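Dropping my_file_14.cif in here (mmCIF, C-alpha atoms):
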data_upload
#
loop_
_atom_site.label_atom_id
_atom_site.label_comp_id
_atom_site.auth_asym_id
_atom_site.auth_seq_id
_atom_site.Cartn_x
_atom_site.Cartn_y
_atom_site.Cartn_z
CA MET A 1 43.81 -32.43 -16.93
CA ASN A 2 46.51 -33.32 -14.38
CA CYS A 3 47.43 -36.53 -16.19
CA ILE A 4 48.24 -34.81 -19.50
CA PRO A 5 51.60 -33.44 -18.27
CA LEU A 6 52.49 -36.88 -16.92
CA VAL A 7 51.70 -38.53 -20.25
CA LEU A 8 53.76 -35.94 -22.09
CA LEU A 9 56.61 -36.43 -19.65
CA LEU A 10 56.56 -40.21 -20.02
CA PHE A 11 56.40 -39.91 -23.79
CA GLY A 12 59.38 -37.57 -23.80
CA LEU A 13 61.40 -39.85 -21.50
CA SER A 14 60.72 -42.87 -23.67
CA SER A 15 61.66 -40.98 -26.83
CA THR A 16 64.89 -39.78 -25.23
CA LEU A 17 65.82 -43.29 -24.21
CA ALA A 18 64.92 -44.57 -27.67
CA GLN A 19 67.07 -41.90 -29.32
CA THR A 20 70.11 -42.67 -27.19
CA THR A 21 69.73 -46.41 -27.70
CA ALA A 22 69.24 -45.99 -31.43
CA SER A 23 72.25 -43.70 -31.75
CA SER A 24 74.49 -46.05 -29.76
CA SER A 25 73.30 -49.08 -31.76
CA THR A 26 73.83 -47.31 -35.09
CA GLN A 27 77.31 -46.26 -34.03
CA SER A 28 78.21 -49.82 -33.04
CA SER A 29 76.68 -51.25 -36.21
CA THR A 30 78.58 -48.80 -38.43
CA THR A 31 81.87 -49.69 -36.75
CA ASP A 32 81.05 -53.40 -37.19
CA THR A 33 80.28 -52.97 -40.88
CA THR A 34 83.39 -50.90 -41.54
CA GLN A 35 85.52 -53.52 -39.85
CA SER A 36 83.90 -56.41 -41.70
CA THR A 37 84.18 -54.87 -45.17
CA SER A 38 87.66 -54.12 -46.38
CA THR A 39 86.67 -52.44 -49.62
CA ALA A 40 87.83 -48.96 -50.48
CA THR A 41 84.32 -47.53 -50.78
CA THR A 42 83.41 -44.97 -48.22
CA THR A 43 79.90 -44.02 -47.23
CA THR A 44 79.06 -40.52 -46.22
CA PRO A 45 76.49 -40.09 -43.50
CA ALA A 46 73.30 -38.28 -44.34
CA PRO A 47 73.68 -34.57 -43.70
CA THR A 48 71.92 -33.53 -40.52
CA SER A 49 71.51 -30.08 -39.14
CA PRO A 50 73.55 -29.65 -35.97
CA ARG A 51 71.31 -29.37 -32.97
CA PRO A 52 72.26 -26.80 -30.38
CA SER A 53 73.60 -28.49 -27.27
CA CYS A 54 71.74 -28.17 -24.02
CA GLU A 55 74.70 -26.43 -22.42
CA SER A 56 74.38 -23.60 -24.93
CA LYS A 57 70.98 -22.79 -23.38
CA ASN A 58 72.46 -21.99 -19.93
CA GLY A 59 71.21 -18.71 -18.56
CA THR A 60 67.89 -19.01 -20.39
CA SER A 61 64.56 -19.99 -18.88
CA CYS A 62 63.26 -23.45 -18.03
CA ASP A 63 60.76 -23.36 -20.90
CA GLU A 64 63.46 -22.55 -23.48
CA CYS A 65 65.71 -25.30 -22.14
CA LEU A 66 63.03 -27.98 -22.15
CA VAL A 67 62.06 -27.37 -25.77
CA ASP A 68 64.66 -30.04 -26.57
CA VAL A 69 63.76 -33.44 -25.15
CA ASN A 70 67.40 -34.24 -24.41
CA CYS A 71 67.74 -31.33 -21.97
CA LEU A 72 67.31 -31.23 -18.20
CA TRP A 73 66.80 -28.00 -16.26
CA CYS A 74 68.29 -27.63 -12.78
CA ILE A 75 66.52 -24.92 -10.76
CA PRO A 76 69.16 -23.97 -8.13
CA THR A 77 72.00 -23.63 -10.66
CA LYS A 78 69.70 -22.40 -13.48
CA LYS A 79 71.65 -24.59 -15.88
CA CYS A 80 70.45 -26.52 -18.87
CA ILE A 81 72.15 -29.91 -18.86
CA THR A 82 72.10 -32.79 -21.33
CA TYR A 83 69.89 -35.51 -19.85
CA PRO A 84 71.99 -38.48 -18.61
CA ALA A 85 70.04 -41.22 -20.37
CA LYS A 86 72.50 -43.95 -19.41
CA THR A 87 71.69 -43.58 -15.70
CA ILE A 88 67.92 -43.16 -16.35
CA LEU A 89 67.66 -40.80 -13.37
CA PRO A 90 69.98 -37.82 -13.02
CA PRO A 91 72.54 -38.33 -10.24
CA HIS A 92 72.32 -36.12 -7.17
CA SER A 93 75.72 -34.62 -7.93
CA LEU A 94 74.37 -33.32 -11.24
CA CYS A 95 71.09 -31.98 -9.87
CA PRO A 96 68.89 -33.05 -6.91
CA LEU A 97 65.74 -34.88 -7.97
CA ASN A 98 63.35 -32.41 -6.36
CA ASP A 99 65.05 -29.54 -8.27
CA ALA A 100 65.40 -31.30 -11.64
CA ARG A 101 62.86 -30.53 -14.36
CA TRP A 102 62.46 -32.48 -17.55
CA GLY A 103 59.67 -32.37 -20.10
CA LEU A 104 57.63 -29.83 -18.13
CA CYS A 105 58.83 -27.11 -15.78
CA THR A 106 56.02 -27.77 -13.31
CA ILE A 107 56.79 -31.43 -12.51
CA ASN A 108 59.88 -32.47 -10.60
CA PHE A 109 61.44 -35.91 -10.70
CA GLN A 110 60.82 -36.75 -7.06
CA ILE A 111 57.06 -36.28 -7.36
CA LEU A 112 57.05 -38.12 -10.69
CA ILE A 113 58.87 -41.12 -9.24
CA ILE A 114 56.60 -41.27 -6.19
CA THR A 115 53.47 -40.94 -8.33
CA LEU A 116 54.55 -43.61 -10.79
CA SER A 117 55.58 -45.95 -7.95
CA VAL A 118 52.22 -45.55 -6.22
CA ALA A 119 50.34 -46.04 -9.51
CA ALA A 120 52.36 -49.18 -10.29
CA ALA A 121 51.76 -50.54 -6.78
CA ILE A 122 48.01 -49.89 -7.04
CA PHE A 123 47.93 -51.58 -10.44
CA ILE A 124 49.82 -54.64 -9.19
CA ILE A 125 47.68 -54.93 -6.05
CA GLY A 126 44.50 -54.56 -8.11
CA PHE A 127 45.70 -57.24 -10.51
CA LEU A 128 46.49 -59.62 -7.65
CA VAL A 129 43.08 -58.94 -6.03
CA CYS A 130 41.35 -59.72 -9.33
CA ILE A 131 43.27 -62.97 -9.67
CA PHE A 132 42.44 -63.90 -6.07
CA CYS A 133 38.75 -63.11 -6.55
CA CYS A 134 38.57 -65.10 -9.78
CA CYS A 135 40.22 -68.12 -8.17
CA LYS A 136 38.01 -67.84 -5.09
CA CYS A 137 34.85 -67.57 -7.18
CA GLU A 138 35.95 -70.53 -9.27
CA ASN A 139 36.53 -72.61 -6.14
CA ALA A 140 33.20 -71.53 -4.70
CA GLY A 141 31.55 -72.52 -7.96
CA SER A 142 33.13 -75.96 -7.86
CA GLY A 143 32.03 -76.29 -4.21
CA ARG A 144 28.47 -75.50 -5.22
CA PHE A 145 28.73 -78.04 -8.03
CA ASP A 146 30.03 -80.69 -5.61
CA ASN A 147 27.18 -79.97 -3.18
CA LYS A 148 24.65 -80.26 -5.99
CA MET A 149 26.11 -83.60 -7.11
CA ASN A 150 26.10 -84.91 -3.52
CA ARG A 151 22.44 -83.95 -3.13
CA LYS A 152 21.56 -85.76 -6.35
CA LEU A 153 23.51 -88.82 -5.21
CA ASP A 154 21.69 -88.81 -1.86
CA LYS A 155 18.32 -88.58 -3.64
CA ARG A 156 19.22 -91.54 -5.86
CA LYS A 157 20.31 -93.60 -2.87
CA THR A 158 17.11 -92.88 -0.94
CA LYS A 159 14.98 -93.72 -4.00
CA GLN A 160 16.91 -96.95 -4.49
CA GLU A 161 16.45 -97.90 -0.82
CA GLU A 162 12.72 -97.14 -1.07
CA ARG A 163 12.46 -99.35 -4.16
CA LYS A 164 14.33 -102.15 -2.37
CA ALA A 165 11.99 -101.87 0.62
CA GLU A 166 8.92 -101.92 -1.70
CA MET A 167 10.24 -104.97 -3.56
CA LYS A 168 10.92 -106.75 -0.25
CA ILE A 169 7.39 -106.02 0.95
CA ARG A 170 5.92 -107.22 -2.35
CA HIS A 171 8.00 -110.43 -2.28
CA ASP A 172 6.97 -111.10 1.32
CA GLU A 173 3.31 -110.68 0.35
CA ILE A 174 3.70 -113.18 -2.50
CA ARG A 175 5.47 -115.66 -0.21
CA GLN A 176 2.67 -115.36 2.35
CA LYS A 177 0.07 -115.82 -0.34
CA TYR A 178 1.56 -119.10 -1.54
CA GLY A 179 2.66 -120.31 1.87
CA LEU A 180 6.35 -119.90 1.43
CA SER A 181 8.05 -118.69 4.55
CA ARG A 182 11.17 -116.74 4.50
CA ALA A 183 12.52 -118.21 7.73
CA SER A 184 14.27 -121.31 6.35
CA PRO A 185 14.23 -122.95 2.93
CA TYR A 186 14.16 -126.40 4.65
CA ALA A 187 11.06 -125.64 6.73
CA ARG A 188 8.87 -127.52 4.21
CA PHE A 189 10.78 -130.74 4.73
CA GLU A 190 10.59 -130.65 8.50
CA ASN A 191 6.78 -130.60 8.64
CA PRO A 192 5.57 -133.87 7.14
CA ASN A 193 1.89 -132.87 7.20
#
Take the structure I supplied and represent it as structure tokens, if you would.
Amino acid sequence: MNCIPLVLLLFGLSSTLAQTTASSSTQSSTTDTTQSTSTATTTTPAPTSPRPSCESKNGTSCDECLVDVNCLWCIPTKKCITYPAKTILPPHSLCPLNDARWGLCTINFQILIITLSVAAAIFIIGFLVCIFCCCKCENAGSGRFDNKMNRKLDKRKTKQEERKAEMKIRHDEIRQKYGLSRASPYARFENPN
């Protein structure tokens, strides 16, 4: 239940930033289009209902001020201020962070910033630990594979040496049987018997 206010607060902050960016981009695009077209046609903007400014809610309660997402409530001055979206965080001269309320009256900016920083740090550290563990396990797996291949190679070498020794013994037996000595190939010519 404690994370619901944080989610609502983050959603409200992102929508405020999106509104201010969209309004500034539409203003710049309308000035660009009016400069680029030199025709006499004029376009009238779509009629919108004027929203009450945040400053008009001064002297009210925090809950009434924060109904509008663009408003920021300052506790010591009990003023409703338009949220300074260009600076992302309200400057200390406007309202101290631990006294500023936005989105919900129960969460101040200082606690929100600390909480989000700690959550981001835990996420990044967890991600790095996962990467490290995956790489370490992969290296351990390749080490096991190398050990297995070395064992197989050693077995092949020992079997090959055993076969060579058996073949040598067999050849020596055949040489003895037919009177061929292994000492010197010219031994037959030295004994004239």
*Name the residues in contact with region 51-60 of chain A at a cut-off of 7 Å, using only C-alpha atoms, excluding same-chain residues fewer than 4 positions from it; report them as a ChimeraX atom specification.*
/A:64-65,71,78-82
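Near Pro90 (chain A), within a cut-off of 12 Å and counting only C-alpha atoms, sit the residues Cys71, Leu72, Trp73, Cys74, Ile81, Thr82, Tyr83, Pro84, Ala85, Cys95, Pro96, Leu97, Asn98, Asp99, Ala100, Arg101, Trp102, Asn108, Phe109 and Gln110 of chain A, with same-chain residues fewer than 5 positions away left out.
CA of Lys177 (chain A) is found 21.0 Å from CA of Arg163 (chain A).
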_Between CA of His92 (chain A) and CA of Asn70 (chain A), what is the distance in Å, rounded to a tenth?_
18.0 Å
